[in-house]
Structure formats: C-alpha cells, structure tokens
file model-v1.csv (CSV, C-alpha atoms and all ligand atoms)
chain,number,residue,atom,x,y,z
V,1,MET,CA,18.0,-0.5,-18.4
V,2,ASN,CA,15.9,-1.5,-15.4
V,3,ASP,CA,15.8,1.8,-13.6
V,4,PRO,CA,12.1,2.9,-13.6
V,5,THR,CA,12.6,6.0,-11.5
V,6,ASP,CA,12.5,8.5,-14.3
V,7,ARG,CA,9.4,6.9,-15.9
V,8,ALA,CA,5.7,6.8,-15.3
V,9,ALA,CA,2.8,4.4,-15.5
V,10,PHE,CA,-0.8,5.2,-16.2
V,11,VAL,CA,-3.2,2.9,-14.5
V,12,THR,CA,-7.0,3.0,-15.1
V,13,GLY,CA,-9.6,1.9,-12.5
V,14,ALA,CA,-7.0,2.6,-9.8
V,15,ALA,CA,-9.2,3.7,-7.0
V,16,ARG,CA,-9.7,0.2,-5.6
V,17,GLY,CA,-9.3,-3.5,-6.1
V,18,ILE,CA,-6.8,-4.8,-8.6
V,19,GLY,CA,-6.1,-1.4,-10.1
V,20,ARG,CA,-5.2,0.1,-6.7
V,21,ALA,CA,-2.8,-2.9,-6.0
V,22,VAL,CA,-1.2,-2.4,-9.4
V,23,ALA,CA,-0.7,1.3,-8.8
V,24,LEU,CA,0.9,0.8,-5.4
V,25,ARG,CA,3.1,-2.0,-6.7
V,26,LEU,CA,4.4,0.0,-9.7
V,27,ALA,CA,5.0,3.0,-7.4
V,28,ALA,CA,6.9,0.9,-5.0
V,29,GLU,CA,9.2,-0.1,-7.8
V,30,GLY,CA,10.1,3.6,-8.2
V,31,ARG,CA,7.8,4.8,-11.0
V,32,THR,CA,5.5,7.8,-10.8
V,33,VAL,CA,2.0,6.3,-11.2
V,34,PHE,CA,-0.9,8.2,-12.6
V,35,ALA,CA,-3.9,6.5,-10.9
V,36,ALA,CA,-6.9,7.2,-13.0
V,37,ASP,CA,-10.5,6.5,-12.0
V,38,ARG,CA,-14.0,8.0,-12.2
V,39,ASP,CA,-13.8,7.9,-8.4
V,40,LEU,CA,-10.7,10.0,-7.5
V,41,PRO,CA,-8.1,7.6,-6.1
V,42,GLU,CA,-6.5,8.4,-2.8
V,43,PRO,CA,-3.0,9.7,-3.1
V,44,ALA,CA,-0.1,7.6,-1.9
V,45,PRO,CA,3.7,8.0,-2.2
V,46,GLY,CA,4.5,8.1,-5.9
V,47,VAL,CA,0.8,7.9,-6.8
V,48,ARG,CA,-0.9,10.9,-8.5
V,49,PRO,CA,-4.7,10.7,-8.7
V,50,VAL,CA,-6.4,11.6,-12.0
V,51,ALA,CA,-10.1,11.9,-12.4
V,52,VAL,CA,-11.3,10.4,-15.6
V,53,ASP,CA,-14.2,8.4,-16.9
V,54,VAL,CA,-12.7,6.0,-19.4
V,55,THR,CA,-16.0,5.9,-21.4
V,56,ASP,CA,-15.1,9.4,-22.5
V,57,CYS,CA,-12.3,8.5,-25.0
V,58,GLU,CA,-11.3,12.1,-25.6
V,59,ALA,CA,-10.9,12.7,-21.9
V,60,LEU,CA,-8.9,9.5,-21.5
V,61,GLY,CA,-6.6,10.4,-24.4
V,62,ALA,CA,-6.1,13.9,-23.0
V,63,ALA,CA,-5.3,12.5,-19.5
V,64,ILE,CA,-2.7,10.1,-20.9
V,65,ALA,CA,-1.1,12.9,-23.0
V,66,GLU,CA,-1.1,15.3,-20.0
V,67,ALA,CA,0.5,12.7,-17.8
V,68,ASP,CA,3.1,12.0,-20.4
V,69,ASP,CA,4.0,15.7,-20.5
V,70,ALA,CA,4.6,15.6,-16.8
V,71,VAL,CA,6.6,12.4,-16.6
V,72,PRO,CA,7.3,10.2,-19.7
V,73,LEU,CA,5.0,7.2,-19.7
V,74,ASP,CA,6.5,3.8,-20.4
V,75,VAL,CA,3.6,1.7,-19.0
V,76,LEU,CA,-0.1,1.8,-19.5
V,77,VAL,CA,-2.3,-0.6,-17.5
V,78,ASN,CA,-5.9,-0.8,-18.9
V,79,ASN,CA,-7.6,-2.2,-15.8
V,80,ALA,CA,-10.9,-0.3,-15.4
V,81,GLY,CA,-13.7,-2.8,-16.0
V,82,ILE,CA,-17.2,-3.4,-15.0
V,83,GLY,CA,-19.2,-6.6,-14.8
V,84,PHE,CA,-22.6,-7.8,-13.9
V,85,ALA,CA,-24.3,-11.2,-13.9
V,86,GLU,CA,-27.1,-10.6,-16.4
V,87,PRO,CA,-28.9,-13.3,-18.4
V,88,LEU,CA,-29.4,-12.8,-22.1
V,89,ALA,CA,-33.1,-12.4,-21.7
V,90,THR,CA,-32.9,-9.2,-19.5
V,91,MET,CA,-29.9,-7.4,-20.9
V,92,THR,CA,-30.6,-4.0,-22.4
V,93,PRO,CA,-28.8,-2.4,-25.3
V,94,GLU,CA,-27.8,0.5,-23.0
V,95,ARG,CA,-26.2,-1.8,-20.4
V,96,PHE,CA,-24.5,-3.8,-23.1
V,97,ASP,CA,-23.1,-0.6,-24.7
V,98,LEU,CA,-21.8,0.7,-21.3
V,99,LEU,CA,-20.1,-2.6,-20.6
V,100,MET,CA,-18.4,-2.6,-24.0
V,101,ALA,CA,-17.5,1.1,-23.6
V,102,VAL,CA,-15.6,0.5,-20.4
V,103,ASN,CA,-14.2,-3.0,-21.0
V,104,VAL,CA,-13.4,-2.8,-24.7
V,105,ARG,CA,-13.6,0.6,-26.3
V,106,ALA,CA,-11.6,2.4,-23.5
V,107,VAL,CA,-8.9,-0.3,-23.8
V,108,TYR,CA,-8.6,0.3,-27.5
V,109,PHE,CA,-8.4,4.1,-27.3
V,110,GLY,CA,-6.2,4.0,-24.3
V,111,ILE,CA,-3.8,2.0,-26.3
V,112,GLN,CA,-4.1,4.4,-29.2
V,113,ALA,CA,-3.3,7.4,-26.9
V,114,ALA,CA,-0.4,5.6,-25.1
V,115,ALA,CA,1.1,4.4,-28.4
V,116,ALA,CA,1.0,8.0,-29.7
V,117,VAL,CA,3.4,9.2,-27.0
V,118,MET,CA,5.4,6.0,-26.5
V,119,ALA,CA,6.1,5.1,-30.2
V,120,PRO,CA,8.4,8.1,-30.9
V,121,ARG,CA,10.6,7.0,-28.0
V,122,GLY,CA,10.6,3.4,-29.2
V,123,ARG,CA,9.7,1.8,-25.9
V,124,GLY,CA,6.7,1.0,-23.8
V,125,SER,CA,4.7,-1.8,-22.3
V,126,ILE,CA,0.9,-2.0,-22.2
V,127,VAL,CA,-0.9,-4.5,-20.0
V,128,ASN,CA,-4.7,-5.1,-20.3
V,129,LEU,CA,-6.9,-6.8,-17.8
V,130,ALA,CA,-8.7,-9.7,-19.5
V,131,SER,CA,-10.2,-12.6,-17.5
V,132,THR,CA,-10.3,-16.4,-17.4
V,133,SER,CA,-13.7,-15.7,-18.9
V,134,ALA,CA,-11.9,-14.9,-22.1
V,135,PHE,CA,-11.1,-18.7,-22.2
V,136,ALA,CA,-14.1,-20.4,-20.5
V,137,ALA,CA,-17.6,-19.2,-19.6
V,138,SER,CA,-18.2,-17.6,-16.2
V,139,GLY,CA,-20.2,-19.7,-13.8
V,140,SER,CA,-23.1,-17.2,-13.7
V,141,PRO,CA,-24.6,-16.1,-16.9
V,142,MET,CA,-22.4,-13.2,-18.0
V,143,THR,CA,-22.3,-13.5,-21.8
V,144,ALA,CA,-21.8,-9.8,-22.4
V,145,TYR,CA,-18.9,-9.6,-19.9
V,146,ASP,CA,-17.3,-12.8,-21.1
V,147,THR,CA,-17.6,-11.4,-24.7
V,148,SER,CA,-15.9,-8.2,-23.7
V,149,LYS,CA,-13.0,-10.1,-22.1
V,150,GLY,CA,-12.7,-12.3,-25.2
V,151,ALA,CA,-12.4,-9.1,-27.1
V,152,VAL,CA,-9.6,-7.8,-24.8
V,153,ARG,CA,-7.7,-11.1,-25.3
V,154,MET,CA,-7.9,-10.9,-29.1
V,155,MET,CA,-7.2,-7.1,-29.1
V,156,THR,CA,-4.0,-7.8,-27.1
V,157,THR,CA,-2.8,-10.4,-29.7
V,158,THR,CA,-3.6,-8.2,-32.7
V,159,VAL,CA,-2.4,-4.9,-31.4
V,160,ALA,CA,0.8,-6.4,-30.1
V,161,ARG,CA,1.7,-7.4,-33.7
V,162,GLU,CA,0.7,-3.9,-34.9
V,163,LEU,CA,2.9,-2.1,-32.3
V,164,ALA,CA,5.9,-4.4,-32.2
V,165,PRO,CA,7.7,-2.6,-35.0
V,166,ALA,CA,7.5,0.6,-32.9
V,167,GLY,CA,9.2,-1.1,-30.0
V,168,LEU,CA,6.0,-1.4,-27.9
V,169,ARG,CA,4.9,-4.6,-26.1
V,170,VAL,CA,1.2,-5.4,-25.4
V,171,ASN,CA,0.2,-8.2,-23.1
V,172,ALA,CA,-2.8,-9.1,-20.9
V,173,VAL,CA,-3.4,-10.7,-17.5
V,174,ALA,CA,-6.4,-13.0,-17.1
V,175,PRO,CA,-7.3,-13.2,-13.4
V,176,GLY,CA,-9.5,-16.0,-12.1
V,177,THR,CA,-11.6,-15.1,-9.1
V,178,ILE,CA,-10.0,-12.3,-7.1
V,179,ASP,CA,-11.4,-11.0,-3.8
V,180,THR,CA,-12.5,-7.5,-4.8
V,181,ASP,CA,-15.8,-5.5,-4.7
V,182,LEU,CA,-16.5,-6.6,-8.3
V,183,THR,CA,-16.4,-10.3,-7.3
V,184,ARG,CA,-18.5,-9.7,-4.2
V,185,SER,CA,-21.1,-7.8,-6.2
V,186,ILE,CA,-21.5,-10.8,-8.5
V,187,ALA,CA,-21.3,-13.7,-6.0
V,188,ALA,CA,-24.5,-14.5,-4.2
V,189,ASP,CA,-22.8,-14.7,-0.8
V,190,GLN,CA,-19.8,-15.9,1.1
V,191,ALA,CA,-21.0,-19.5,1.0
V,192,ALA,CA,-21.1,-19.4,-2.8
V,193,LEU,CA,-17.5,-18.2,-2.8
V,194,ASP,CA,-16.4,-20.9,-0.4
V,195,GLU,CA,-18.0,-23.5,-2.6
V,196,LEU,CA,-16.3,-22.1,-5.7
V,197,VAL,CA,-13.0,-22.3,-3.9
V,198,ALA,CA,-13.6,-25.9,-2.8
V,199,ARG,CA,-14.8,-27.1,-6.2
V,200,ARG,CA,-13.0,-25.1,-8.8
V,201,ILE,CA,-9.8,-23.6,-7.5
V,202,PRO,CA,-7.0,-26.1,-7.0
V,203,LEU,CA,-4.8,-23.8,-5.0
V,204,GLY,CA,-7.6,-23.6,-2.4
V,205,ARG,CA,-8.2,-19.8,-2.1
V,206,LEU,CA,-9.5,-16.8,-3.9
V,207,GLY,CA,-6.9,-14.6,-5.5
V,208,VAL,CA,-5.9,-11.3,-3.9
V,209,PRO,CA,-5.2,-8.1,-5.8
V,210,SER,CA,-1.5,-8.4,-5.2
V,211,ASP,CA,-1.4,-11.7,-7.0
V,212,ILE,CA,-2.5,-9.9,-10.1
V,213,ALA,CA,-0.3,-6.8,-9.5
V,214,ALA,CA,2.8,-9.1,-9.4
V,215,ALA,CA,1.9,-10.5,-12.9
V,216,VAL,CA,1.2,-7.0,-14.3
V,217,ALA,CA,4.5,-5.7,-12.9
V,218,TRP,CA,6.4,-8.5,-14.5
V,219,LEU,CA,4.8,-8.0,-17.9
V,220,ALA,CA,5.4,-4.2,-17.6
V,221,SER,CA,9.1,-4.7,-16.7
V,222,ASP,CA,12.1,-5.2,-18.9
V,223,GLU,CA,12.3,-8.8,-17.5
V,224,ALA,CA,9.5,-9.5,-20.0
V,225,ALA,CA,11.3,-7.7,-22.9
V,226,TYR,CA,10.8,-10.6,-25.3
V,227,VAL,CA,7.1,-11.2,-24.3
V,228,THR,CA,4.3,-9.6,-26.4
V,229,GLY,CA,0.8,-10.6,-27.5
V,230,GLN,CA,0.3,-13.0,-24.5
V,231,THR,CA,-2.5,-13.4,-22.0
V,232,LEU,CA,-1.1,-14.7,-18.8
V,233,VAL,CA,-3.6,-16.6,-16.7
V,234,VAL,CA,-3.4,-16.0,-13.0
V,235,ASP,CA,-6.2,-18.1,-11.5
V,236,GLY,CA,-5.0,-20.6,-8.8
V,237,GLY,CA,-5.3,-23.4,-11.4
V,238,ARG,CA,-9.0,-22.8,-12.1
V,239,LEU,CA,-8.6,-23.4,-15.9
V,240,THR,CA,-6.6,-26.6,-15.4
I,301,LIG,N1,-12.1,-9.4,-9.5
I,301,LIG,C1,-12.0,-10.5,-10.3
I,301,LIG,O1,-12.2,-11.6,-9.9
I,301,LIG,C2,-11.6,-10.2,-11.8
I,301,LIG,C3,-11.5,-11.4,-12.6
I,301,LIG,C4,-11.1,-11.2,-13.9
I,301,LIG,C5,-10.9,-10.0,-14.4
I,301,LIG,N2,-11.1,-8.9,-13.6
I,301,LIG,C6,-10.8,-7.6,-14.2
I,301,LIG,O2,-9.9,-6.8,-13.5
I,301,LIG,C7,-10.2,-5.4,-13.6
I,301,LIG,C8,-10.3,-4.9,-12.2
I,301,LIG,O3,-11.3,-5.6,-11.5
I,301,LIG,P1,-11.6,-5.4,-9.9
I,301,LIG,O4,-12.1,-6.6,-9.4
I,301,LIG,O5,-10.5,-4.7,-9.2
I,301,LIG,O6,-12.9,-4.3,-10.0
I,301,LIG,P2,-13.4,-3.3,-9.0
I,301,LIG,O7,-14.9,-3.1,-9.3
I,301,LIG,O8,-13.1,-3.6,-7.6
I,301,LIG,O9,-12.6,-1.9,-9.4
I,301,LIG,C9,-12.8,-1.4,-10.7
I,301,LIG,C10,-12.3,0.0,-10.7
I,301,LIG,O10,-12.6,0.6,-12.0
I,301,LIG,C11,-13.2,1.8,-11.9
I,301,LIG,N3,-14.1,2.1,-13.1
I,301,LIG,C12,-15.2,1.5,-13.5
I,301,LIG,N4,-15.7,2.1,-14.5
I,301,LIG,C13,-14.9,3.2,-14.8
I,301,LIG,C14,-15.0,4.2,-15.7
I,301,LIG,N5,-16.0,4.3,-16.6
I,301,LIG,N6,-14.0,5.1,-15.7
I,301,LIG,C15,-13.0,5.1,-14.8
I,301,LIG,N7,-12.9,4.1,-13.9
I,301,LIG,C16,-13.9,3.2,-13.9
I,301,LIG,C17,-14.0,1.7,-10.6
I,301,LIG,O11,-14.4,3.0,-10.1
I,301,LIG,C18,-13.1,0.9,-9.7
I,301,LIG,O12,-12.2,1.7,-9.0
I,301,LIG,C19,-11.5,-5.3,-14.4
I,301,LIG,O13,-11.2,-5.1,-15.8
I,301,LIG,C20,-12.1,-6.7,-14.3
I,301,LIG,O14,-13.0,-7.1,-15.3
I,301,LIG,C21,-11.4,-9.0,-12.3

call {"tool": "encode", "arguments": {"input": "model-v1.csv", "output": "structure tokens"}}
result
Amino acid sequence: MNDPTDRAAFVTGAARGIGRAVALRLAAEGRTVFAADRDLPEPAPGVRPVAVDVTDCEALGAAIAEADDAVPLDVLVNNAGIGFAEPLATMTPERFDLLMAVNVRAVYFGIQAAAAVMAPRGRGSIVNLASTSAFAASGSPMTAYDTSKGAVRMMTTTVARELAPAGLRVNAVAPGTIDTDLTRSIAADQAALDELVARRIPLGRLGVPSDIAAAVAWLASDEAAYVTGQTLVVDGGRLT
C-alpha cells in the first residue's frame, strides 16, 4: 500500500523554494515527480521538468492530463504562489487579478484536472499551500495575499468534502515565514527578519523549505489516509 514507485506527483511552482524542496522530497521517496513552473525547473533524479504558467488553466489541465498519461498521478501539490506587500491604497485591479489567478484560480482548476484523472482510480492526495496568513494578518499590509490564502484554506475544506466520496483527500499546509526568495522579496532587510524571529517565532529561527516539504510529504502519503480537509500549520509556533 505504501510503495510509491509506480506513481507520480505533479508539483506546481517547483523551480525553486518550497516547491523545489517538495519535488525533491517526493522524488526521494521513489515517485516520479512532474515539476511544473513558468521557469523551467532543473532536472534531478526522478524529477521531470514541465513548463507551464498556472494562470493558463487550460495549459495547466493539459499538463496534468499529459503527466498522468505518462505515469499515473496519485499526488498533486498546488504550490505555485506569488505575494507582494501592497497597501490597499495602491493595489490595482490588474495586480489583484494576477494574484488571485495564481494563488486561487490555478489551485481550483488544478484540483479539477487532477480529480478528473484520479477519481476513476479511487485514490489520490492533493496538498495546497496556504499560509499562516489564512489565520492571522501578515505583518506588512498584504490584504490581497492574505485574502487569497484564506480562500485556499476554505477551498481545501470544501473540496475535501466534495471529493471524499471519490476516495480523494485534500489538505493544505500553512507555512509561517520560510527562508525563500518570496520571503526575502517582501522583507525589508535581514535585520527585519532577525527581529521577526526574535519577537514572533518561538522556535527561534525562520523555517526552511524542507520543513514544509516534510509536512507535504506526510499529508500526501498513506500515513495520512484518514486526514482530509485539514490545514496543517508549520510555523515554528508563530500562531501560538
Ligand atoms: N515563503 C514563505 O514564507 C511562505 C509562507 C506561507 C506560504 N507560502 C506559500 O508557499 C508557496 C511557495 O512559496 P515560496 O516561498 O517557495 O515562493 P518562491 O517565490 O520562492 O517560489 C514560487 C515558485 O512559483 C513559481 N510561479 C509563480 N507564478 C507562477 C505561475 N504563474 N505559473 C507557474 N509557476 C509560477 C515561481 O516561478 C517560483 O518557482 C506559495 O504558494 C506561497 O504563497 C510561502
């Protein structure tokens, strides 16, 4: 039941950061991993790069179906995400729509495409990347981003219920502050990150992508066979 070697995972946003760590982790467990990104990911043992912009829902659906034709998918990780610190006053409709297209719409239609190929086999695990900002506002003004992650959290709950009769599980991981390009693009500087760690993170360090990959791998695995609709917070205690 636990042998993943004849199965595959599709991971979005897998060129770097958390998505890259997830792809390498799932590949190390023996799965074929389709690593999808708008920037073509570097190949690695067991990792097959796929070029796709997730804002193009048709292209995303086609890439998922094509991957499944090559090796049956039993895992989808909706990791691709963008974020920017943007006060309400300066946000534009175009930037808002882009954020929602990547962080929300692509997750929804990625699930739709994966469910279409997984449901007939009656098994599959989908893991979405939410954020602690689905629970508590980000430190910098990021209302649009926080809203998108709140949507991912609720989508996870609702679609888990919808897909459970088909034998599919859907969960999310909510990272705290993880040391990636995304975090460094938002943080003012290293001193701001050091202060955040000192004041807000009880375990005393930023997270690293492998912290999140471990949680994703567990939710994806049969060890979590009775877990669905949950958002697992992995944040060094930040929300405590
Ligand atoms: N880093 C954190 O502290 C943190 C905290 C909470 C949640 N998250 C979430 O985790 C996920 C990964 O974050 P990260 O820090 O690794 O980000 P990152 O910016 O380091 O990497 C994101 C990846 O997604 C890809 N991507 C972006 N837009 C895309 C598109 N339209 N089509 C295809 N690929 C696209 C990028 O090319 C990049 O490879 C995101 O959903 C993010 O919101 C991150």

call {"tool": "residues_around", "arguments": {"input": "model-v1.csv", "residues": "Leu182 of chain V", "least_positions_apart": "2", "cutoff": "8 Å", "atoms": "all atoms listed in the file", "output": "list of chain:residue names"}}
result
V:Ile82, V:Gly83, V:Thr180, V:Arg184, V:Ser185, V:Ile186

call {"tool": "residues_near_ligand", "arguments": {"input": "model-v1.csv", "ligand": "ligand LIG 301 (chain I)", "cutoff": "7 Å", "atoms": "only C-alpha atoms and all ligand atoms", "output": "number ranges by chain"}}
result
V: 12-19, 36-39, 52-55, 79-83, 102-103, 129-132, 174-183

call {"tool": "closest_residue", "arguments": {"input": "model-v1.csv", "among": "V:Val75, V:Met91, V:Arg238, V:Glu29", "to": "Ala137 of chain V", "atoms": "only C-alpha atoms"}}
result
V:Arg238

call {"tool": "residues_near_point", "arguments": {"input": "model-v1.csv", "point": "(-10.1, -19.7, -4.3)", "cutoff": "10 Å", "atoms": "all atoms listed in the file", "output": "ChimeraX atom specification"}}
result
/V:176-179,193-208,235-238

call {"tool": "closest_atom_pairs", "arguments": {"input": "model-v1.csv", "of": "segment 96-120 of chain V", "to": "segment 139-159 of chain V", "cutoff": "7 Å", "atoms": "all atoms listed in the file", "output": "tab-separated table"}}
result
residue	atom	partner	partner_atom	distance
V:Phe96	CA	V:Ala144	CA	6.6
V:Met100	CA	V:Ser148	CA	6.1
V:Asn103	CA	V:Ser148	CA	6.1
V:Val104	CA	V:Ser148	CA	6.0

call {"tool": "atom_distance", "arguments": {"input": "model-v1.csv", "atom1": "atom CA of Ala63 of chain V", "atom2": "atom CA of Pro209 of chain V"}}
result
24.7 Å

call {"tool": "closest_residue", "arguments": {"input": "model-v1.csv", "among": "V:Val107, V:Ala187, V:Ala225, V:Val11", "to": "Phe84 of chain V", "atoms": "all atoms listed in the file"}}
result
V:Ala187

call {"tool": "closest_residue", "arguments": {"input": "model-v1.csv", "among": "V:Arg7, V:Arg169, V:Arg25, V:Arg20", "to": "Ile126 of chain V", "atoms": "only C-alpha atoms"}}
result
V:Arg169

call {"tool": "atom_distance", "arguments": {"input": "model-v1.csv", "atom1": "atom CA of Ala119 of chain V", "atom2": "atom CA of Ala160 of chain V"}}
result
12.7 Å
